[in-house]
file start-v2.cif (mmCIF, C-alpha atoms and all ligand atoms)
data_target
loop_
_atom_site.label_atom_id
_atom_site.label_comp_id
_atom_site.auth_asym_id
_atom_site.auth_seq_id
_atom_site.Cartn_x
_atom_site.Cartn_y
_atom_site.Cartn_z
CA MET A 12 -68.15 -17.29 -174.21
CA LYS A 13 -70.68 -17.96 -176.96
CA ILE A 14 -71.45 -14.81 -178.94
CA LEU A 15 -74.19 -14.30 -181.52
CA LEU A 16 -73.17 -11.42 -183.82
CA LEU A 17 -75.84 -9.89 -186.06
CA GLY A 18 -75.05 -7.59 -188.98
CA LYS A 19 -71.63 -9.12 -189.59
CA ASN A 20 -70.96 -7.30 -192.87
CA GLY A 21 -71.70 -3.72 -191.82
CA GLN A 22 -68.90 -1.29 -190.99
CA VAL A 23 -69.00 -2.16 -187.30
CA GLY A 24 -70.06 -5.78 -187.81
CA TRP A 25 -67.08 -6.49 -190.02
CA GLU A 26 -64.64 -5.16 -187.43
CA LEU A 27 -66.48 -7.04 -184.68
CA GLN A 28 -65.82 -10.31 -186.47
CA ARG A 29 -62.12 -9.58 -185.94
CA ALA A 30 -62.27 -8.07 -182.45
CA LEU A 31 -64.60 -10.65 -180.89
CA ALA A 32 -62.78 -13.69 -182.28
CA PRO A 33 -60.39 -14.17 -179.31
CA LEU A 34 -63.23 -14.03 -176.78
CA GLY A 35 -64.78 -17.36 -177.64
CA GLN A 36 -67.15 -18.90 -180.16
CA VAL A 37 -68.59 -16.26 -182.48
CA ILE A 38 -71.62 -17.16 -184.61
CA ALA A 39 -71.74 -14.29 -187.08
CA LEU A 40 -74.80 -13.79 -189.28
CA ASP A 41 -75.87 -11.36 -191.95
CA ARG A 42 -79.43 -10.87 -193.18
CA ASN A 43 -79.22 -14.10 -195.19
CA GLY A 44 -78.48 -16.25 -192.15
CA ARG A 45 -76.97 -19.71 -192.58
CA ASN A 46 -77.63 -23.34 -191.64
CA GLY A 47 -81.23 -22.54 -190.82
CA LEU A 48 -80.23 -19.68 -188.51
CA CYS A 49 -82.00 -16.37 -189.08
CA GLY A 50 -80.04 -13.10 -189.12
CA ASP A 51 -82.78 -11.01 -190.73
CA LEU A 52 -84.03 -8.29 -188.39
CA THR A 53 -87.32 -8.06 -190.28
CA ASP A 54 -88.11 -11.67 -189.30
CA LEU A 55 -88.96 -11.28 -185.62
CA GLN A 56 -90.09 -14.89 -185.13
CA GLY A 57 -87.02 -16.23 -186.94
CA LEU A 58 -84.75 -14.10 -184.75
CA ALA A 59 -86.38 -15.30 -181.54
CA THR A 60 -86.13 -18.93 -182.65
CA THR A 61 -82.46 -18.51 -183.56
CA VAL A 62 -81.59 -16.98 -180.19
CA ARG A 63 -83.40 -19.83 -178.39
CA GLN A 64 -81.70 -22.43 -180.55
CA LEU A 65 -78.19 -21.04 -180.02
CA ALA A 66 -78.60 -19.93 -176.39
CA PRO A 67 -75.65 -17.52 -176.57
CA ASP A 68 -74.05 -15.85 -173.55
CA VAL A 69 -73.96 -12.57 -175.47
CA ILE A 70 -75.88 -11.12 -178.41
CA VAL A 71 -74.07 -8.33 -180.24
CA ASN A 72 -76.40 -6.46 -182.58
CA ALA A 73 -74.50 -4.52 -185.22
CA ALA A 74 -77.36 -4.73 -187.74
CA ALA A 75 -79.44 -1.64 -188.28
CA TYR A 76 -81.42 0.34 -190.82
CA THR A 77 -78.87 3.14 -191.40
CA ALA A 78 -80.19 4.92 -194.52
CA VAL A 79 -80.91 8.16 -192.66
CA ASP A 80 -82.63 10.08 -195.46
CA LYS A 81 -84.51 7.10 -196.88
CA ALA A 82 -85.91 6.40 -193.41
CA GLU A 83 -88.10 9.51 -193.76
CA SER A 84 -90.17 7.62 -196.36
CA GLU A 85 -89.62 4.12 -194.92
CA GLN A 86 -90.49 4.75 -191.28
CA ALA A 87 -92.23 1.42 -190.74
CA LEU A 88 -89.25 -0.56 -192.01
CA ALA A 89 -86.78 1.56 -189.99
CA THR A 90 -88.89 0.99 -186.87
CA LEU A 91 -89.14 -2.74 -187.48
CA ILE A 92 -85.35 -3.11 -187.83
CA ASN A 93 -84.17 -0.48 -185.35
CA ALA A 94 -86.80 -0.81 -182.64
CA GLU A 95 -88.94 -3.95 -182.85
CA ALA A 96 -86.11 -6.38 -183.64
CA PRO A 97 -83.83 -5.07 -180.84
CA GLY A 98 -86.87 -5.40 -178.55
CA VAL A 99 -87.18 -9.08 -179.50
CA LEU A 100 -83.44 -9.63 -179.00
CA ALA A 101 -83.66 -7.99 -175.58
CA ARG A 102 -86.63 -10.09 -174.49
CA GLU A 103 -84.92 -13.29 -175.64
CA ALA A 104 -81.69 -12.21 -173.91
CA ALA A 105 -83.65 -11.62 -170.69
CA LEU A 106 -85.14 -15.13 -170.88
CA LEU A 107 -81.65 -16.63 -171.28
CA ASN A 108 -80.01 -14.26 -168.82
CA ALA A 109 -77.66 -13.38 -171.70
CA TRP A 110 -76.09 -9.97 -172.30
CA LEU A 111 -77.18 -7.79 -175.21
CA ILE A 112 -74.75 -5.31 -176.74
CA HIS A 113 -76.47 -2.82 -179.04
CA TYR A 114 -75.43 0.35 -180.90
CA SER A 115 -77.28 3.61 -181.04
CA THR A 116 -76.62 7.10 -182.27
CA ASP A 117 -76.07 10.79 -181.57
CA TYR A 118 -79.23 11.29 -183.70
CA VAL A 119 -81.37 10.58 -180.62
CA PHE A 120 -80.47 14.16 -179.59
CA ASP A 121 -81.78 17.37 -181.12
CA GLY A 122 -78.32 18.89 -181.48
CA SER A 123 -79.09 22.00 -179.46
CA GLY A 124 -76.45 23.85 -177.46
CA GLU A 125 -72.70 23.37 -177.52
CA ASP A 126 -72.12 21.12 -174.53
CA ARG A 127 -71.25 17.48 -174.82
CA TRP A 128 -74.31 15.24 -174.43
CA GLN A 129 -74.30 13.17 -171.27
CA GLU A 130 -75.91 9.73 -171.39
CA ASP A 131 -78.93 10.86 -169.36
CA ALA A 132 -79.52 14.09 -171.28
CA PHE A 133 -82.99 14.61 -172.74
CA THR A 134 -83.57 12.97 -176.09
CA ARG A 135 -85.50 14.55 -178.94
CA PRO A 136 -84.67 12.99 -182.32
CA LEU A 137 -85.07 15.24 -185.36
CA SER A 138 -85.49 12.45 -187.90
CA ALA A 139 -87.37 9.17 -188.48
CA TYR A 140 -84.05 7.30 -188.22
CA GLY A 141 -83.30 8.98 -184.88
CA ARG A 142 -86.79 8.16 -183.60
CA SER A 143 -86.47 4.52 -184.63
CA LYS A 144 -83.09 4.23 -182.87
CA LEU A 145 -84.48 5.85 -179.72
CA GLU A 146 -87.44 3.46 -179.75
CA GLY A 147 -84.91 0.63 -179.98
CA GLU A 148 -83.07 1.96 -176.93
CA ILE A 149 -86.33 2.17 -174.99
CA ALA A 150 -87.38 -1.35 -176.02
CA ILE A 151 -84.06 -2.65 -174.71
CA THR A 152 -83.88 -0.69 -171.47
CA THR A 153 -87.46 -1.61 -170.52
CA SER A 154 -87.05 -5.32 -171.36
CA GLY A 155 -85.33 -6.33 -168.16
CA ALA A 156 -82.36 -7.70 -170.13
CA ARG A 157 -78.80 -7.05 -169.04
CA ALA A 158 -77.82 -4.75 -171.88
CA VAL A 159 -75.13 -2.30 -172.87
CA VAL A 160 -76.26 0.33 -175.38
CA LEU A 161 -73.36 2.14 -177.04
CA ARG A 162 -74.28 5.43 -178.68
CA THR A 163 -71.74 6.43 -181.28
CA SER A 164 -71.34 9.08 -184.00
CA TRP A 165 -70.04 9.68 -187.54
CA VAL A 166 -68.91 6.08 -188.13
CA TYR A 167 -66.35 5.35 -190.84
CA ALA A 168 -64.36 2.27 -191.85
CA ALA A 169 -61.89 1.22 -194.51
CA ARG A 170 -64.52 -1.22 -195.79
CA GLY A 171 -67.74 0.15 -197.22
CA HIS A 172 -68.81 3.55 -198.44
CA ASN A 173 -67.96 6.48 -196.24
CA PHE A 174 -67.56 10.23 -196.12
CA ALA A 175 -63.74 10.15 -196.39
CA LYS A 176 -63.81 8.10 -199.58
CA THR A 177 -66.54 10.30 -201.03
CA MET A 178 -64.46 13.43 -200.35
CA LEU A 179 -61.39 11.94 -202.04
CA HIS A 180 -63.47 11.00 -205.05
CA LEU A 181 -65.23 14.38 -205.32
CA ALA A 182 -62.03 16.39 -204.82
CA ALA A 183 -60.44 14.50 -207.71
CA GLU A 184 -63.43 14.95 -210.04
CA ARG A 185 -64.93 18.34 -209.29
CA ASP A 186 -63.66 21.91 -209.50
CA VAL A 187 -65.57 23.08 -206.43
CA LEU A 188 -66.32 21.29 -203.16
CA ASN A 189 -68.49 22.73 -200.41
CA VAL A 190 -69.00 20.95 -197.11
CA VAL A 191 -71.18 21.69 -194.09
CA ALA A 192 -69.21 23.51 -191.40
CA ASP A 193 -71.78 24.04 -188.64
CA GLN A 194 -72.38 20.48 -187.43
CA TYR A 195 -69.98 19.32 -184.73
CA GLY A 196 -69.05 15.79 -183.75
CA ALA A 197 -66.29 13.21 -183.73
CA PRO A 198 -65.62 10.81 -186.60
CA THR A 199 -65.43 7.39 -184.95
CA GLY A 200 -63.79 4.36 -186.52
CA ALA A 201 -65.59 1.02 -186.70
CA GLU A 202 -62.28 -0.47 -185.53
CA LEU A 203 -62.40 1.54 -182.32
CA ILE A 204 -66.05 0.66 -181.70
CA ALA A 205 -65.31 -3.03 -182.18
CA ASP A 206 -62.19 -2.99 -180.00
CA VAL A 207 -63.98 -1.18 -177.19
CA THR A 208 -66.88 -3.64 -177.45
CA ALA A 209 -64.44 -6.52 -176.98
CA LEU A 210 -62.88 -4.80 -173.96
CA ILE A 211 -66.34 -4.28 -172.46
CA LEU A 212 -67.20 -7.94 -172.94
CA ARG A 213 -63.91 -8.95 -171.32
CA LYS A 214 -64.72 -6.77 -168.31
CA LEU A 215 -68.27 -8.14 -168.06
CA ASP A 216 -66.82 -11.64 -168.10
CA ASP A 217 -64.13 -10.80 -165.54
CA GLN A 218 -66.77 -9.35 -163.25
CA HIS A 219 -69.06 -12.38 -163.70
CA GLY A 220 -71.63 -10.37 -165.61
CA ASP A 221 -72.02 -7.67 -162.94
CA SER A 222 -75.43 -6.14 -163.76
CA GLN A 223 -74.22 -2.78 -162.42
CA LEU A 224 -72.30 -2.42 -165.70
CA ALA A 225 -75.50 -2.53 -167.77
CA GLY A 226 -76.66 0.79 -169.19
CA THR A 227 -76.18 3.35 -171.92
CA TYR A 228 -72.71 4.66 -172.77
CA HIS A 229 -71.33 7.11 -175.30
CA LEU A 230 -68.58 5.61 -177.43
CA ALA A 231 -66.83 8.05 -179.76
CA ALA A 232 -63.31 9.18 -180.56
CA ALA A 233 -62.00 12.12 -178.53
CA GLY A 234 -61.96 15.70 -179.80
CA GLU A 235 -64.34 17.30 -182.25
CA THR A 236 -64.54 18.67 -185.74
CA THR A 237 -67.09 19.56 -188.40
CA TRP A 238 -67.76 17.71 -191.66
CA HIS A 239 -65.78 20.53 -193.29
CA GLY A 240 -62.86 19.95 -190.89
CA PHE A 241 -63.07 16.21 -191.53
CA ALA A 242 -62.96 16.79 -195.31
CA GLN A 243 -59.96 19.12 -195.00
CA PHE A 244 -58.10 16.56 -192.89
CA VAL A 245 -58.70 13.87 -195.51
CA LEU A 246 -57.64 16.05 -198.44
CA SER A 247 -54.47 17.36 -196.80
CA ASP A 248 -53.45 13.79 -196.09
CA ALA A 249 -54.12 12.90 -199.75
CA SER A 250 -52.00 15.85 -200.93
CA ARG A 251 -49.13 14.77 -198.68
CA LYS A 252 -49.30 11.33 -200.29
CA GLY A 253 -49.07 12.90 -203.76
CA ILE A 254 -52.63 12.04 -204.84
CA PRO A 255 -53.67 14.52 -207.56
CA LEU A 256 -56.69 16.61 -206.49
CA LYS A 257 -58.59 19.34 -208.30
CA VAL A 258 -59.74 20.78 -204.96
CA THR A 259 -57.16 21.08 -202.19
CA ALA A 260 -57.90 21.12 -198.47
CA GLU A 261 -57.62 24.92 -198.35
CA GLN A 262 -60.08 25.30 -201.23
CA VAL A 263 -62.93 23.32 -199.63
CA GLY A 264 -65.80 25.76 -199.13
CA ALA A 265 -67.46 26.00 -195.71
CA ILE A 266 -71.26 26.08 -196.00
CA SER A 267 -74.15 26.11 -193.56
CA THR A 268 -76.59 23.27 -192.97
CA GLU A 269 -79.31 25.37 -194.65
CA ALA A 270 -77.24 25.53 -197.83
CA TYR A 271 -77.26 21.73 -198.10
CA PRO A 272 -80.84 20.60 -197.47
CA LEU A 273 -81.46 16.88 -196.94
CA PRO A 274 -84.71 14.95 -196.31
CA ALA A 275 -83.68 14.14 -192.70
CA PRO A 276 -82.55 17.03 -190.48
CA ARG A 277 -79.18 16.48 -188.76
CA PRO A 278 -78.26 17.57 -185.23
CA ARG A 279 -75.86 20.57 -185.14
CA ASN A 280 -74.24 19.40 -181.94
CA SER A 281 -73.29 15.73 -181.87
CA ARG A 282 -70.56 16.10 -179.24
CA LEU A 283 -70.84 13.04 -176.96
CA ALA A 284 -69.49 13.07 -173.40
CA LEU A 285 -67.02 10.22 -172.94
CA GLY A 286 -66.47 10.30 -169.17
CA LYS A 287 -68.85 7.46 -168.29
CA ILE A 288 -67.40 4.85 -170.63
CA GLU A 289 -63.81 5.90 -169.87
CA LYS A 290 -64.32 5.71 -166.11
CA THR A 291 -66.44 2.55 -165.98
CA PHE A 292 -64.24 0.51 -168.27
CA ASN A 293 -60.91 2.23 -167.55
CA LEU A 294 -60.42 3.42 -171.12
CA LYS A 295 -59.00 6.51 -172.81
CA MET A 296 -60.55 7.36 -176.16
CA PRO A 297 -57.98 8.33 -178.80
CA PRO A 298 -58.23 11.61 -180.76
CA TRP A 299 -60.41 11.23 -183.86
CA GLN A 300 -57.52 12.09 -186.17
CA GLN A 301 -55.65 8.94 -185.17
CA GLY A 302 -58.22 6.48 -186.50
CA VAL A 303 -58.94 8.53 -189.61
CA GLN A 304 -55.21 8.59 -190.40
CA ARG A 305 -55.00 4.81 -190.10
CA MET A 306 -58.05 4.35 -192.31
CA LEU A 307 -56.58 6.68 -194.95
CA ASP A 308 -53.29 4.77 -194.93
CA GLU A 309 -55.31 1.61 -195.46
CA ILE A 310 -57.54 2.82 -198.31
CA GLN A 311 -54.90 4.79 -200.20
P1 LIG B 1 -73.84 -0.21 -191.71
O1 LIG B 1 -74.92 0.43 -192.52
O2 LIG B 1 -72.45 -0.24 -192.23
O3 LIG B 1 -74.24 -1.70 -191.34
C1 LIG B 1 -75.53 -2.06 -190.99
C2 LIG B 1 -75.68 -3.51 -191.29
O4 LIG B 1 -77.02 -3.88 -190.96
C3 LIG B 1 -75.46 -3.85 -192.77
O5 LIG B 1 -74.58 -4.94 -192.88
C4 LIG B 1 -76.87 -4.23 -193.24
O6 LIG B 1 -76.86 -5.28 -194.17
C5 LIG B 1 -77.46 -4.74 -191.95
N1 LIG B 1 -78.90 -4.80 -192.05
C6 LIG B 1 -79.78 -3.87 -192.53
N2 LIG B 1 -81.03 -4.35 -192.52
C7 LIG B 1 -80.95 -5.60 -192.01
C8 LIG B 1 -81.89 -6.62 -191.75
N3 LIG B 1 -83.18 -6.47 -192.01
N4 LIG B 1 -81.45 -7.78 -191.22
C9 LIG B 1 -80.14 -7.97 -190.97
N5 LIG B 1 -79.20 -7.06 -191.22
C10 LIG B 1 -79.60 -5.89 -191.72
O7 LIG B 1 -73.91 0.49 -190.28
P2 LIG B 1 -72.75 0.76 -189.24
O8 LIG B 1 -71.90 -0.45 -189.10
O9 LIG B 1 -72.13 2.06 -189.56
O10 LIG B 1 -73.63 0.97 -187.94
C11 LIG B 1 -73.53 0.12 -186.79
C12 LIG B 1 -74.42 0.71 -185.71
O11 LIG B 1 -73.98 2.02 -185.37
C13 LIG B 1 -75.89 0.84 -186.08
O12 LIG B 1 -76.67 0.52 -184.96
C14 LIG B 1 -76.05 2.32 -186.40
O13 LIG B 1 -77.37 2.76 -186.18
C15 LIG B 1 -75.06 2.93 -185.43
N6 LIG B 1 -74.54 4.23 -185.85
C16 LIG B 1 -74.01 4.40 -187.09
C17 LIG B 1 -73.52 5.64 -187.48
C18 LIG B 1 -72.94 5.86 -188.83
O14 LIG B 1 -72.45 6.97 -189.10
N7 LIG B 1 -72.90 4.86 -189.72
C19 LIG B 1 -73.53 6.80 -186.56
C20 LIG B 1 -74.09 6.49 -185.26
C21 LIG B 1 -74.55 5.25 -184.93
P3 LIG B 1 -76.91 -5.00 -195.75
O15 LIG B 1 -75.56 -4.49 -196.10
O16 LIG B 1 -77.24 -6.34 -196.29
O17 LIG B 1 -77.98 -3.98 -195.96
#
call {"tool": "encode", "arguments": {"input": "start-v2.cif", "output": "structure tokens"}}
result
Amino acid sequence: MKILLLGKNGQVGWELQRALAPLGQVIALDRNGRNGLCGDLTDLQGLATTVRQLAPDVIVNAAAYTAVDKAESEQALATLINAEAPGVLAREAALLNAWLIHYSTDYVFDGSGEDRWQEDAFTRPLSAYGRSKLEGEIAITTSGARAVVLRTSWVYAARGHNFAKTMLHLAAERDVLNVVADQYGAPTGAELIADVTALILRKLDDQHGDSQLAGTYHLAAAGETTWHGFAQFVLSDASRKGIPLKVTAEQVGAISTEAYPLPAPRPRNSRLALGKIEKTFNLKMPPWQQGVQRMLDEIQ
């Protein structure tokens, strides 16, 4: 299997380099490209030429514009990277009869209600980032390419900046720490996303690229928490390990979304239904705490 991986140094891209390695030849690119190959999602012509030149069996697109708040003032750039470039990848994949694996987000939903979002639930993004990601999904699903779109949520990884590391840092420095307690979702490790992606590719290969498997799936860890619950989990683990903190898990204040205004509104309910991915690919998503615990062991 020849795999073109884009966005190799992001949280998910980095883990994909590891997880995809046993599947075949992986050509992994970041925005700088290499050997004349283009990995820059703002260069639509360069991307198309690179796909044609390599003729991969699978394109895995882990590159994205992920600066959620900045996207409010950089809508054109977010749309170029999150919607137009995936559209080009999908069209090139269709021409080659290659598979496209792409990642999307819980931010395509408006966060209303308390039920878990099914894959076919109505979408209504609240932010420019969410809109750009939804446009990317639409560009892919209308391209005619065989594609798997994996919507995930609250991604963290040992490598890169993330919420858990920020909480550890703030709890060591500050006297008071308040965290939003009315947004619900599941922290999902880049490791899990990458491993599940590899399992999906194995199944596609085993089933000779059965087009019935194409579609949108929700890929998140099992269970749910709030950002406040996530912060408490991280800080109690740190205390157990003897890391000195000024703010303990019990002292983290629970605040409302309104008390922490940000340029881009966030969905309150980011609970993703996992039944479709579990059933189709015969998987069982682990509880979110498991991956977070592993990541904390790694970074501490
Ligand atoms: P990261 O921000 O960690 O990685 C994104 C990668 O895309 C970075 O390596 C970045 O490179 C690269 N990139 C940005 N612009 C370009 C460009 N013009 N050309 C090429 N590469 C570019 O994101 P994640 O790994 O967390 O996200 C993976 C996927 O999951 C994305 O599709 C994202 O939308 C989705 N997702 C993420 C969530 C999260 O909480 N992070 C939640 C839900 C979904 P550089 O470092 O050089 O900027």
call {"tool": "residues_near_ligand", "arguments": {"input": "start-v2.cif", "ligand": "ligand LIG 1 (chain B)", "cutoff": "9 Å", "atoms": "all atoms listed in the file", "output": "ChimeraX atom specification"}}
result
/A:17-26,40-44,49-54,72-78,88-89,91-93,96,113-118,140-141,144,161-168,170-173,198-199,201,204
call {"tool": "closest_residue", "arguments": {"input": "start-v2.cif", "among": "A:Leu188, A:Thr236, A:Pro272, A:Leu294", "to": "A:Ala260", "atoms": "only C-alpha atoms"}}
result
A:Leu188
call {"tool": "residues_around", "arguments": {"input": "start-v2.cif", "residues": "A:Pro274", "least_positions_apart": "3", "cutoff": "10 Å", "atoms": "all atoms listed in the file", "output": "PyMOL selection string"}}
result
chain A and resi 79-84+138+277
call {"tool": "closest_residue", "arguments": {"input": "start-v2.cif", "among": "A:Ile310, A:Leu210, A:Leu179, A:Leu55", "to": "A:Leu246", "atoms": "all atoms listed in the file"}}
result
A:Leu179
call {"tool": "closest_residue", "arguments": {"input": "start-v2.cif", "among": "A:Ala59, A:Arg29, A:Phe120, A:Lys176", "to": "A:Met306", "atoms": "all atoms listed in the file"}}
result
A:Lys176
call {"tool": "axis_aligned_box", "arguments": {"input": "start-v2.cif", "around": "stretch 235-244 of chain A", "padding_each_side": "8 Å", "output": "JSON"}}
result
{"center_x": -62.9, "center_y": 18.4, "center_z": -188.8, "size_x": 25.7, "size_y": 20.3, "size_z": 29.1}
call {"tool": "residues_near_point", "arguments": {"input": "start-v2.cif", "point": "(-80.9, -6.7, -174.0)", "cutoff": "6 Å", "atoms": "all atoms listed in the file", "output": "PyMOL selection string"}}
result
chain A and resi 101+104+111+151+156-158
call {"tool": "closest_atom_pairs", "arguments": {"input": "start-v2.cif", "of": "stretch 269-304 of chain A", "to": "stretch 225-229 of chain A", "cutoff": "12 Å", "atoms": "only C-alpha atoms", "output": "Markdown table"}}
result
| residue | atom | partner | partner_atom | distance |
| --- | --- | --- | --- | --- |
| A:Ser281 | CA | A:His229 | CA | 11.0 |
| A:Arg282 | CA | A:His229 | CA | 9.8 |
| A:Leu283 | CA | A:His229 | CA | 6.2 |
| A:Ala284 | CA | A:His229 | CA | 6.5 |
| A:Leu285 | CA | A:His229 | CA | 5.8 |
| A:Gly286 | CA | A:His229 | CA | 8.4 |
| A:Lys287 | CA | A:Tyr228 | CA | 6.5 |
| A:Ile288 | CA | A:Tyr228 | CA | 5.7 |
| A:Glu289 | CA | A:His229 | CA | 9.4 |
| A:Lys290 | CA | A:Tyr228 | CA | 10.8 |
| A:Thr291 | CA | A:Tyr228 | CA | 9.5 |
| A:Phe292 | CA | A:Tyr228 | CA | 10.5 |
| A:Met296 | CA | A:His229 | CA | 10.8 |
call {"tool": "closest_residue", "arguments": {"input": "start-v2.cif", "among": "A:Val119, A:Ala30, A:Leu106, A:Ala197", "to": "A:Asp131", "atoms": "all atoms listed in the file"}}
result
A:Val119
call {"tool": "atom_distance", "arguments": {"input": "start-v2.cif", "atom1": "atom CA of A:Gly147", "atom2": "atom CA of A:Glu95"}}
result
6.7 Å
call {"tool": "closest_residue", "arguments": {"input": "start-v2.cif", "among": "A:Ala183, A:Val99, A:Ala39, A:Ala66", "to": "A:Ser154", "atoms": "all atoms listed in the file"}}
result
A:Val99
call {"tool": "residues_around", "arguments": {"input": "start-v2.cif", "residues": "A:Ser250", "least_positions_apart": "4", "cutoff": "12 Å", "atoms": "all atoms listed in the file", "output": "PyMOL selection string"}}
result
chain A and resi 179+182-183+243-246+254-261+307+311
call {"tool": "closest_residue", "arguments": {"input": "start-v2.cif", "among": "A:Val37, A:Leu58, A:Ile211, A:Ala175", "to": "A:Ile112", "atoms": "all atoms listed in the file"}}
result
A:Ile211
call {"tool": "atom_distance", "arguments": {"input": "start-v2.cif", "atom1": "atom CA of A:Ala87", "atom2": "atom CA of A:Ala150"}}
result
15.7 Å
